[in-house]
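J.: Structure file final23.cif (mmCIF, C-alpha atoms) is given on the next line.
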data_structure
#
loop_
_atom_site.label_atom_id
_atom_site.label_comp_id
_atom_site.auth_asym_id
_atom_site.auth_seq_id
_atom_site.Cartn_x
_atom_site.Cartn_y
_atom_site.Cartn_z
CA MET A 1 98.63 127.93 111.91
CA ASP A 2 98.30 124.60 110.19
CA ALA A 3 96.12 122.03 111.88
CA CYS A 4 97.95 118.94 113.10
CA GLY A 5 97.38 116.30 110.44
CA CYS A 6 97.23 113.36 112.81
CA ASP A 7 94.67 111.18 114.42
CA ALA A 8 95.07 110.63 118.16
CA PHE A 9 91.33 111.18 118.55
CA ALA A 10 89.17 109.69 115.81
CA SER A 11 86.21 111.83 116.88
CA ILE A 12 88.10 114.94 115.74
CA PHE A 13 89.34 113.43 112.48
CA ASP A 14 85.95 112.42 111.18
CA HIS A 15 84.59 111.68 107.72
CA ARG A 16 83.83 115.32 106.95
CA GLN A 17 87.39 116.37 107.75
CA ALA A 18 88.78 113.44 105.76
CA GLU A 19 86.77 114.53 102.72
CA ARG A 20 88.00 118.10 103.12
CA ASP A 21 91.59 116.85 103.21
CA ARG A 22 90.97 114.74 100.12
CA ASP A 23 89.42 117.62 98.21
CA ARG A 24 92.29 119.95 99.14
CA TYR A 25 94.85 117.37 98.04
CA GLN A 26 93.09 116.84 94.72
CA ARG A 27 92.99 120.59 94.10
CA GLN A 28 96.38 121.66 95.43
CA GLY A 29 98.55 118.57 95.91
CA PRO A 30 100.43 117.86 99.17
CA ASP A 31 100.56 120.48 101.91
CA ARG A 32 103.71 122.59 101.99
CA THR A 33 105.52 120.66 104.72
CA THR A 34 104.37 117.31 103.33
CA ALA A 35 105.84 118.33 99.97
CA MET A 36 109.13 119.15 101.73
CA LEU A 37 109.16 115.74 103.38
CA LEU A 38 108.41 113.97 100.11
CA GLU A 39 111.23 115.79 98.34
CA MET A 40 113.67 114.77 101.06
CA LEU A 41 112.52 111.13 100.97
CA ARG A 42 112.56 110.55 97.20
CA PRO A 43 116.27 109.56 97.14
CA TYR A 44 115.32 106.54 99.26
CA VAL A 45 112.56 105.37 96.94
CA GLY A 46 113.62 102.53 94.68
CA ARG A 47 111.94 99.74 92.80
CA GLY A 48 110.28 97.53 95.39
CA SER A 49 111.05 99.78 98.37
CA THR A 50 108.57 99.68 101.25
CA LEU A 51 106.86 102.43 103.24
CA LEU A 52 105.31 102.51 106.70
CA ASP A 53 103.16 105.64 107.01
CA ILE A 54 102.02 106.15 110.61
CA GLY A 55 99.01 108.41 111.13
CA GLY A 56 98.89 108.79 107.37
CA GLY A 57 95.32 110.05 107.11
CA ILE A 58 94.00 109.88 103.54
CA GLY A 59 97.30 108.42 102.32
CA VAL A 60 98.95 111.39 100.61
CA ILE A 61 102.51 110.22 101.33
CA ASP A 62 101.61 106.67 100.30
CA GLN A 63 100.12 107.75 96.98
CA GLU A 64 103.01 110.08 96.19
CA LEU A 65 105.79 107.58 97.00
CA LEU A 66 104.04 104.68 95.27
CA ARG A 67 103.79 106.90 92.21
CA ALA A 68 107.50 107.69 92.58
CA GLY A 69 108.40 103.98 92.45
CA ALA A 70 107.89 102.46 95.91
CA GLY A 71 106.62 98.90 95.79
CA HIS A 72 104.38 98.61 98.86
CA ALA A 73 102.96 100.88 101.56
CA VAL A 74 101.40 100.21 104.96
CA LEU A 75 99.18 103.01 106.28
CA VAL A 76 98.39 102.96 109.99
CA ASP A 77 95.67 105.29 111.22
CA ALA A 78 93.41 105.48 114.26
CA SER A 79 90.53 107.10 112.37
CA PRO A 80 88.24 104.67 110.52
CA ALA A 81 86.87 107.61 108.52
CA TYR A 82 90.31 108.52 107.21
CA LEU A 83 91.08 104.91 106.37
CA GLU A 84 87.83 104.64 104.42
CA VAL A 85 88.77 107.67 102.31
CA ALA A 86 92.34 106.39 101.94
CA ARG A 87 91.09 103.05 100.58
CA HIS A 88 88.82 104.82 98.14
CA GLU A 89 91.68 107.01 96.91
CA ALA A 90 93.99 104.00 96.56
CA ARG A 91 91.35 102.21 94.52
CA ARG A 92 90.87 105.29 92.34
CA ALA A 93 94.63 105.46 91.76
CA ASN A 94 94.78 101.74 90.94
CA ALA A 95 97.14 101.25 93.88
CA LEU A 96 94.96 99.17 96.19
CA ASN A 97 96.96 95.99 95.55
CA ARG A 98 100.13 97.75 96.73
CA MET A 99 98.71 99.12 99.98
CA GLU A 100 97.83 97.66 103.36
CA PHE A 101 95.61 99.49 105.86
CA VAL A 102 95.94 99.06 109.62
CA ASP A 103 93.20 100.47 111.84
CA GLY A 104 94.35 101.56 115.29
CA ASP A 105 96.96 103.22 117.46
CA PHE A 106 100.41 102.37 116.11
CA VAL A 107 101.94 102.13 119.60
CA HIS A 108 99.39 99.47 120.54
CA ARG A 109 99.68 97.65 117.20
CA ALA A 110 103.47 97.93 116.77
CA GLY A 111 104.16 94.33 117.70
CA SER A 112 102.36 93.12 114.58
CA ILE A 113 103.77 95.72 112.18
CA ASP A 114 106.91 94.95 110.17
CA ALA A 115 109.87 97.20 109.49
CA ALA A 116 110.01 99.18 106.23
CA ASP A 117 112.66 100.94 104.17
CA ILE A 118 111.00 104.29 104.86
CA VAL A 119 108.95 105.23 107.93
CA THR A 120 107.01 108.50 108.12
CA LEU A 121 105.07 110.44 110.76
CA ASP A 122 103.74 113.61 109.15
CA ARG A 123 102.38 115.90 111.92
CA VAL A 124 101.70 112.93 114.17
CA VAL A 125 104.22 113.37 117.00
CA CYS A 126 102.42 116.60 117.95
CA CYS A 127 99.21 114.69 118.62
CA TYR A 128 100.56 111.88 120.75
CA PRO A 129 101.18 112.28 124.50
CA ASP A 130 103.79 109.51 124.81
CA ALA A 131 106.45 110.59 122.32
CA VAL A 132 109.02 108.24 123.84
CA ARG A 133 107.07 105.12 122.87
CA LEU A 134 105.77 106.50 119.59
CA VAL A 135 109.17 107.63 118.30
CA GLY A 136 111.07 104.73 119.84
CA LEU A 137 108.84 102.05 118.32
CA SER A 138 108.55 103.73 114.92
CA ALA A 139 112.22 104.68 114.57
CA GLU A 140 113.42 101.14 115.14
CA ARG A 141 111.25 100.01 112.21
CA ALA A 142 113.02 102.28 109.71
CA ARG A 143 115.54 100.26 107.69
CA ARG A 144 116.81 103.22 105.67
CA ALA A 145 115.04 106.54 106.32
CA TYR A 146 112.81 108.02 109.02
CA GLY A 147 110.86 111.17 108.16
CA LEU A 148 109.08 113.44 110.63
CA VAL A 149 107.12 116.68 110.57
CA LEU A 150 106.74 118.09 114.09
CA PRO A 151 106.42 121.46 115.85
CA ARG A 152 109.62 123.47 116.36
CA ASP A 153 111.05 124.29 119.78
CA ARG A 154 109.91 127.92 119.91
CA LEU A 155 108.07 129.93 122.52
CA LEU A 156 105.45 131.17 120.05
CA VAL A 157 104.87 127.62 118.87
CA ARG A 158 104.30 126.38 122.41
CA LEU A 159 101.98 129.31 123.10
CA GLY A 160 100.06 128.56 119.89
CA LEU A 161 99.57 124.95 120.92
CA ARG A 162 98.40 126.00 124.39
CA LEU A 163 95.81 128.26 122.76
CA GLU A 164 94.69 125.40 120.50
CA ASN A 165 94.33 123.11 123.51
CA LEU A 166 92.30 125.74 125.35
CA LEU A 167 89.93 126.03 122.38
CA GLN A 168 89.56 122.24 122.24
CA ARG A 169 88.80 122.14 125.97
CA LEU A 170 86.16 124.86 125.63
CA ARG A 171 84.54 122.84 122.84
CA GLY A 172 84.41 119.80 125.10
CA ARG A 173 86.88 117.81 123.01
CA ALA A 174 89.54 115.46 124.34
CA TYR A 175 92.05 116.25 121.61
CA ARG A 176 95.31 117.89 122.74
CA ALA A 177 98.41 118.96 120.82
CA TYR A 178 101.94 118.53 122.17
CA ALA A 179 105.21 120.33 121.61
CA HIS A 180 107.68 117.59 122.48
CA PRO A 181 111.30 118.77 122.79
CA ASN A 182 113.08 118.38 119.45
CA ALA A 183 116.32 117.39 121.21
CA MET A 184 114.50 114.49 122.87
CA ILE A 185 113.15 113.35 119.50
CA ASP A 186 116.68 113.47 118.03
CA GLU A 187 118.01 111.45 120.96
CA LEU A 188 115.32 108.81 120.54
CA ALA A 189 116.15 108.52 116.84
CA ALA A 190 119.86 108.27 117.66
CA SER A 191 119.15 105.50 120.17
CA ALA A 192 117.50 103.58 117.30
CA GLY A 193 120.63 103.97 115.14
CA LEU A 194 119.49 106.96 113.09
CA GLU A 195 121.22 110.26 112.36
CA ILE A 196 119.91 113.49 110.85
CA ARG A 197 120.46 113.53 107.10
CA SER A 198 118.45 116.57 105.98
CA GLU A 199 116.23 119.21 107.51
CA LYS A 200 113.86 121.95 106.31
CA GLY A 201 110.75 123.61 107.66
CA THR A 202 108.63 126.68 108.29
CA PHE A 203 108.37 128.95 111.30
CA PHE A 204 106.05 126.46 112.99
CA TRP A 205 107.01 123.07 111.57
CA ARG A 206 110.30 121.17 111.53
CA VAL A 207 110.72 118.72 108.65
CA VAL A 208 113.55 116.25 109.25
CA VAL A 209 114.78 113.02 107.69
CA TYR A 210 117.02 110.67 109.65
CA GLU A 211 119.07 107.96 107.99
CA ARG A 212 120.25 104.65 109.38
CA ARG A 213 123.94 104.84 110.23
CA GLU A 214 124.88 101.96 107.91
CA GLU A 215 123.44 103.95 105.01
CA LEU A 216 125.44 107.01 106.01
CA ALA A 217 128.63 104.97 106.23
CA ALA A 218 128.02 103.45 102.80
CA ALA A 219 127.47 106.90 101.28
CA ALA A 220 130.66 108.36 102.78
#
Is it possible to express this structure as C-alpha coordinates?
T.:
Amino acid sequence: MDACGCDAFASIFDHRQAERDRDRYQRQGPDRTTAMLLEMLRPYVGRGSTLLDIGGGIGVIDQELLRAGAGHAVLVDASPAYLEVARHEARRANALNRMEFVDGDFVHRAGSIDAADIVTLDRVVCCYPDAVRLVGLSAERARRAYGLVLPRDRLLVRLGLRLENLLQRLRGRAYRAYAHPNAMIDELAASAGLEIRSEKGTFFWRVVVYERREELAAAA
(Lines of atoms letter the chains of each structure in order from A and count residues from 1; the text may use other names and numbers.)
(Lines give C-alpha, C1' and ligand atoms only; values in the text may rest on other atoms or scores of the structure.)
Protein backbone atom coordinates (compact mmCIF):
# COMPACT_ATOMS: atom_id res chain seq x y z
CA MET A 1 0.00 0.00 0.00
CA ASP A 2 1.07 3.58 -0.50
CA ALA A 3 2.90 5.21 2.37
CA CYS A 4 1.06 8.11 3.99
CA GLY A 5 2.55 11.25 2.47
CA CYS A 6 2.28 13.36 5.59
CA ASP A 7 4.47 14.59 8.35
CA ALA A 8 3.09 14.16 11.87
CA PHE A 9 6.52 12.94 12.96
CA ALA A 10 9.47 14.75 11.41
CA SER A 11 11.84 11.96 12.45
CA ILE A 12 10.08 9.62 10.00
CA PHE A 13 9.92 12.13 7.16
CA ASP A 14 13.62 12.90 7.08
CA HIS A 15 15.93 14.32 4.44
CA ARG A 16 16.58 10.95 2.81
CA GLN A 17 12.86 10.31 2.37
CA ALA A 18 12.32 13.85 1.09
CA GLU A 19 14.99 13.32 -1.55
CA ARG A 20 13.42 10.02 -2.57
CA ASP A 21 10.05 11.75 -2.97
CA ARG A 22 11.68 14.50 -5.03
CA ASP A 23 13.45 12.03 -7.29
CA ARG A 24 10.26 10.02 -7.83
CA TYR A 25 8.32 13.19 -8.67
CA GLN A 26 10.97 14.31 -11.15
CA ARG A 27 10.92 10.90 -12.84
CA GLN A 28 7.23 10.07 -12.75
CA GLY A 29 5.27 13.21 -11.89
CA PRO A 30 2.63 13.31 -9.12
CA ASP A 31 1.53 10.09 -7.43
CA ARG A 32 -1.68 8.57 -8.75
CA THR A 33 -4.01 9.95 -6.08
CA THR A 34 -2.25 13.33 -6.07
CA ALA A 35 -2.81 13.51 -9.82
CA MET A 36 -6.52 12.77 -9.25
CA LEU A 37 -6.73 15.56 -6.69
CA LEU A 38 -4.95 18.02 -8.99
CA GLU A 39 -7.31 17.22 -11.86
CA MET A 40 -10.32 17.84 -9.63
CA LEU A 41 -8.90 21.13 -8.33
CA ARG A 42 -7.85 22.71 -11.63
CA PRO A 43 -11.30 24.27 -12.28
CA TYR A 44 -10.73 26.40 -9.18
CA VAL A 45 -7.34 27.70 -10.30
CA GLY A 46 -7.50 31.17 -11.78
CA ARG A 47 -5.15 34.07 -12.26
CA GLY A 48 -4.10 35.20 -8.80
CA SER A 49 -5.84 32.38 -6.92
CA THR A 50 -4.25 31.29 -3.64
CA LEU A 51 -3.39 27.87 -2.23
CA LEU A 52 -2.87 26.61 1.31
CA ASP A 53 -1.15 23.21 1.16
CA ILE A 54 -1.10 21.57 4.60
CA GLY A 55 1.45 18.80 5.12
CA GLY A 56 2.57 19.44 1.56
CA GLY A 57 5.97 17.75 1.80
CA ILE A 58 8.22 18.67 -1.12
CA GLY A 59 5.53 20.91 -2.60
CA VAL A 60 4.17 18.82 -5.48
CA ILE A 61 0.66 20.30 -5.31
CA ASP A 62 2.10 23.81 -4.96
CA GLN A 63 4.35 23.44 -8.00
CA GLU A 64 1.62 21.91 -10.13
CA LEU A 65 -1.06 24.50 -9.29
CA LEU A 66 1.33 27.44 -9.58
CA ARG A 67 2.24 26.13 -13.02
CA ALA A 68 -1.48 25.87 -13.80
CA GLY A 69 -2.01 29.57 -13.02
CA ALA A 70 -2.35 30.00 -9.25
CA GLY A 71 -0.81 33.21 -7.96
CA HIS A 72 0.51 32.29 -4.52
CA ALA A 73 0.94 29.18 -2.37
CA VAL A 74 1.55 28.65 1.34
CA LEU A 75 3.08 25.27 2.24
CA VAL A 76 2.81 24.19 5.87
CA ASP A 77 4.88 21.21 6.94
CA ALA A 78 6.19 19.85 10.24
CA SER A 79 9.33 18.35 8.69
CA PRO A 80 12.24 20.80 8.28
CA ALA A 81 13.87 18.33 5.87
CA TYR A 82 10.86 18.37 3.56
CA LEU A 83 10.65 22.15 3.70
CA GLU A 84 14.32 22.42 2.76
CA VAL A 85 13.76 20.27 -0.33
CA ALA A 86 10.55 22.15 -1.14
CA ARG A 87 12.40 25.49 -1.08
CA HIS A 88 15.10 24.10 -3.32
CA GLU A 89 12.52 22.81 -5.81
CA ALA A 90 10.65 26.13 -5.77
CA ARG A 91 13.89 27.96 -6.47
CA ARG A 92 14.70 25.56 -9.30
CA ALA A 93 11.25 26.16 -10.80
CA ASN A 94 11.64 29.94 -10.46
CA ALA A 95 8.60 29.98 -8.16
CA LEU A 96 10.22 30.97 -4.88
CA ASN A 97 8.75 34.49 -4.99
CA ARG A 98 5.24 33.01 -5.19
CA MET A 99 5.59 30.60 -2.27
CA GLU A 100 5.61 30.92 1.50
CA PHE A 101 6.89 28.16 3.79
CA VAL A 102 5.57 27.60 7.30
CA ASP A 103 7.47 25.22 9.58
CA GLY A 104 5.33 23.44 12.15
CA ASP A 105 2.09 21.69 13.02
CA PHE A 106 -0.77 23.41 11.21
CA VAL A 107 -3.18 22.94 14.13
CA HIS A 108 -0.78 24.80 16.42
CA ARG A 109 0.02 27.48 13.82
CA ALA A 110 -3.51 27.94 12.42
CA GLY A 111 -4.14 31.21 14.21
CA SER A 112 -1.45 32.92 12.14
CA ILE A 113 -2.36 31.33 8.79
CA ASP A 114 -4.74 33.10 6.42
CA ALA A 115 -7.58 31.62 4.39
CA ALA A 116 -6.96 30.65 0.76
CA ASP A 117 -9.08 29.96 -2.31
CA ILE A 118 -7.95 26.33 -2.30
CA VAL A 119 -6.92 24.28 0.75
CA THR A 120 -5.38 20.81 0.39
CA LEU A 121 -4.41 17.95 2.70
CA ASP A 122 -2.96 15.16 0.57
CA ARG A 123 -2.60 12.02 2.76
CA VAL A 124 -2.33 14.12 5.90
CA VAL A 125 -5.57 13.34 7.76
CA CYS A 126 -4.37 9.72 8.10
CA CYS A 127 -1.32 10.84 10.07
CA TYR A 128 -2.98 13.15 12.56
CA PRO A 129 -4.65 11.85 15.74
CA ASP A 130 -7.00 14.82 16.24
CA ALA A 131 -8.94 14.89 12.98
CA VAL A 132 -11.64 17.12 14.48
CA ARG A 133 -9.25 20.03 15.00
CA LEU A 134 -7.21 19.40 11.87
CA VAL A 135 -10.20 19.22 9.52
CA GLY A 136 -12.21 21.86 11.36
CA LEU A 137 -9.43 24.46 11.31
CA SER A 138 -8.35 23.74 7.74
CA ALA A 139 -11.84 23.52 6.24
CA GLU A 140 -12.85 26.92 7.56
CA ARG A 141 -9.87 28.44 5.72
CA ALA A 142 -11.07 27.25 2.30
CA ARG A 143 -12.75 30.11 0.45
CA ARG A 144 -13.65 28.05 -2.63
CA ALA A 145 -12.41 24.45 -2.60
CA TYR A 146 -11.15 21.95 -0.03
CA GLY A 147 -9.30 18.88 -1.31
CA LEU A 148 -8.47 15.77 0.71
CA VAL A 149 -6.84 12.40 0.14
CA LEU A 150 -7.56 10.05 3.05
CA PRO A 151 -8.02 6.32 3.72
CA ARG A 152 -11.39 4.79 2.81
CA ASP A 153 -13.77 3.31 5.38
CA ARG A 154 -13.01 -0.35 4.66
CA LEU A 155 -12.14 -3.26 6.91
CA LEU A 156 -9.05 -4.19 4.88
CA VAL A 157 -7.88 -0.59 5.00
CA ARG A 158 -8.21 -0.46 8.78
CA LEU A 159 -6.42 -3.81 9.09
CA GLY A 160 -3.63 -2.53 6.82
CA LEU A 161 -3.15 0.54 8.99
CA ARG A 162 -3.08 -1.59 12.14
CA LEU A 163 -0.33 -3.70 10.58
CA GLU A 164 1.60 -0.55 9.64
CA ASN A 165 1.30 0.75 13.19
CA LEU A 166 2.52 -2.58 14.58
CA LEU A 167 5.59 -2.42 12.33
CA GLN A 168 6.29 1.15 13.43
CA ARG A 169 6.00 0.12 17.08
CA LEU A 170 8.39 -2.79 16.58
CA ARG A 171 10.88 -0.38 15.01
CA GLY A 172 10.63 1.87 18.05
CA ARG A 173 9.00 4.73 16.12
CA ALA A 174 6.29 7.02 17.44
CA TYR A 175 4.57 7.41 14.07
CA ARG A 176 1.01 6.07 13.83
CA ALA A 177 -1.52 6.07 10.99
CA TYR A 178 -5.23 6.68 11.52
CA ALA A 179 -8.37 5.64 9.66
CA HIS A 180 -10.75 8.40 10.70
CA PRO A 181 -14.40 7.77 9.77
CA ASN A 182 -15.14 9.33 6.38
CA ALA A 183 -18.65 10.31 7.52
CA MET A 184 -17.13 12.32 10.37
CA ILE A 185 -14.81 14.11 7.93
CA ASP A 186 -17.79 14.95 5.69
CA GLU A 187 -19.71 16.29 8.69
CA LEU A 188 -16.80 18.48 9.74
CA ALA A 189 -16.55 19.89 6.22
CA ALA A 190 -20.30 20.50 6.16
CA SER A 191 -20.09 22.34 9.49
CA ALA A 192 -17.56 24.66 7.83
CA GLY A 193 -20.00 25.39 4.96
CA LEU A 194 -18.58 22.92 2.44
CA GLU A 195 -20.31 20.26 0.35
CA ILE A 196 -18.90 17.39 -1.71
CA ARG A 197 -18.39 18.46 -5.31
CA SER A 198 -16.40 15.56 -6.79
CA GLU A 199 -14.92 12.28 -5.64
CA LYS A 200 -12.54 9.63 -7.01
CA GLY A 201 -10.07 7.19 -5.52
CA THR A 202 -8.47 3.77 -5.36
CA PHE A 203 -9.24 0.75 -3.22
CA PHE A 204 -7.28 2.29 -0.34
CA TRP A 205 -7.53 6.04 -0.85
CA ARG A 206 -10.52 8.38 -1.10
CA VAL A 207 -9.92 11.56 -3.12
CA VAL A 208 -12.59 14.20 -2.50
CA VAL A 209 -13.07 17.88 -3.25
CA TYR A 210 -15.57 19.93 -1.27
CA GLU A 211 -16.84 23.28 -2.47
CA ARG A 212 -18.09 26.24 -0.46
CA ARG A 213 -21.87 26.42 -0.62
CA GLU A 214 -21.90 29.93 -2.11
CA GLU A 215 -19.88 28.60 -5.05
CA LEU A 216 -22.32 25.74 -5.54
CA ALA A 217 -25.27 28.13 -5.48
CA ALA A 218 -23.61 30.41 -8.03
CA ALA A 219 -22.95 27.45 -10.35
CA ALA A 220 -26.53 26.16 -10.17
J.: Hey, which of A:Asn182, A:Gln26, A:Thr50, A:Thr33 ends up closest to A:Arg144? Count all atoms listed in the file.
T.: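 Using all atoms listed in the file, the shortest distance to A:Arg144 belongs to A:Thr50.
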J.: Given the choices A:Arg42, A:Arg176, A:Arg133, A:Arg47, which gets closest to A:Leu65 if the distance is worked out from only C-alpha atoms?
T.: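 Closest to A:Leu65, using only C-alpha atoms: A:Arg42.
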J.: Starting from the PyMOL selection byres ((chain A and resi 128-131) around 10), expand the selection into actual residues of this file and give them as a count of residues only.
T.: 27
J.: For A:Asp14, which of A:Ile58, A:Ala142, A:Leu52, A:Ala35 is the closest residue, counting all atoms listed in the file?
T.: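 Among the listed residues, the smallest separation from A:Asp14 belongs to A:Ile58.
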J.: When you look at A:Gly147 with a cut-off of 8 Å (counting only C-alpha atoms), what residues show up, excluding the ones that are within fewer than 5 positions of it in the same chain? I need them as a JSON list (two decimals) with C-alpha atoms, in the frame of the given file.
T.:
[["chain", "number", "residue", "atom", "x", "y", "z"],
["A", 37, "LEU", "CA", 109.16, 115.74, 103.38],
["A", 41, "LEU", "CA", 112.52, 111.13, 100.97],
["A", 118, "ILE", "CA", 111.00, 104.29, 104.86],
["A", 119, "VAL", "CA", 108.95, 105.23, 107.93],
["A", 120, "THR", "CA", 107.01, 108.50, 108.12],
["A", 121, "LEU", "CA", 105.07, 110.44, 110.76],
["A", 122, "ASP", "CA", 103.74, 113.61, 109.15],
["A", 207, "VAL", "CA", 110.72, 118.72, 108.65],
["A", 208, "VAL", "CA", 113.55, 116.25, 109.25],
["A", 209, "VAL", "CA", 114.78, 113.02, 107.69],
["A", 210, "TYR", "CA", 117.02, 110.67, 109.65]]
J.: Separation of atom CA of A:Ala139 and atom CA of A:Ala189, in Å?
T.: 5.9 Å
J.: Rounded to one decimal in Å, what is the spacing between atom CA of A:Gly71 and atom CA of A:His15?
T.: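 Atom-to-atom, atom CA of A:Gly71 and atom CA of A:His15 are spaced 28.1 Å apart.
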J.: List the residues selected by the PyMOL selection byres ((chain A and resi 160) around 12) in the file shown, writing them as a ChimeraX atom specification.
T.: /A:1-4,151-159,161-167,177-179,203-204
J.: Could you state the separation of atom CA of A:Ile54 and atom CA of A:Leu75 in Å, given to one decimal place?
T.: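 Computing it gives 6.1 Å between the two atoms.
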J.: When you count all atoms listed in the file, which of these residues is closest to A:Glu199: A:Met36, A:Pro30, A:Ala115, A:Ala18?
T.: A:Met36
J.: Quick one: which residues end up in the PyMOL selection byres ((chain A and resi 113) around 12) for this structure, as number ranges by chain?
T.: A: 51-54, 73-76, 100-112, 114-116, 119, 137-138, 140-142
J.: Between A:Gln63, A:Ser198, A:Gln17, A:Asn94, which has the minimum distance to A:Gly29 (counting all atoms listed in the file)?
T.: A:Gln63
J.: Would you pick out the contacts of A:Tyr25 at 12 Å or less, using all atoms listed in the file, so that residues sharing its chain but fewer than 5 positions from it are not included, and give the list as a ChimeraX atom specification?
T.: /A:18-20,30-32,34-35,57-61,63-64,86,89
J.: Go through A:Ala68, A:Val45, A:Leu150, A:Ala183 one by one, measure the shortest atom-to-atom distance of each to A:Gly201 using only C-alpha atoms, and give the residue with the smallest value.
T.: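 Of all the options, A:Leu150 lies closest to A:Gly201.
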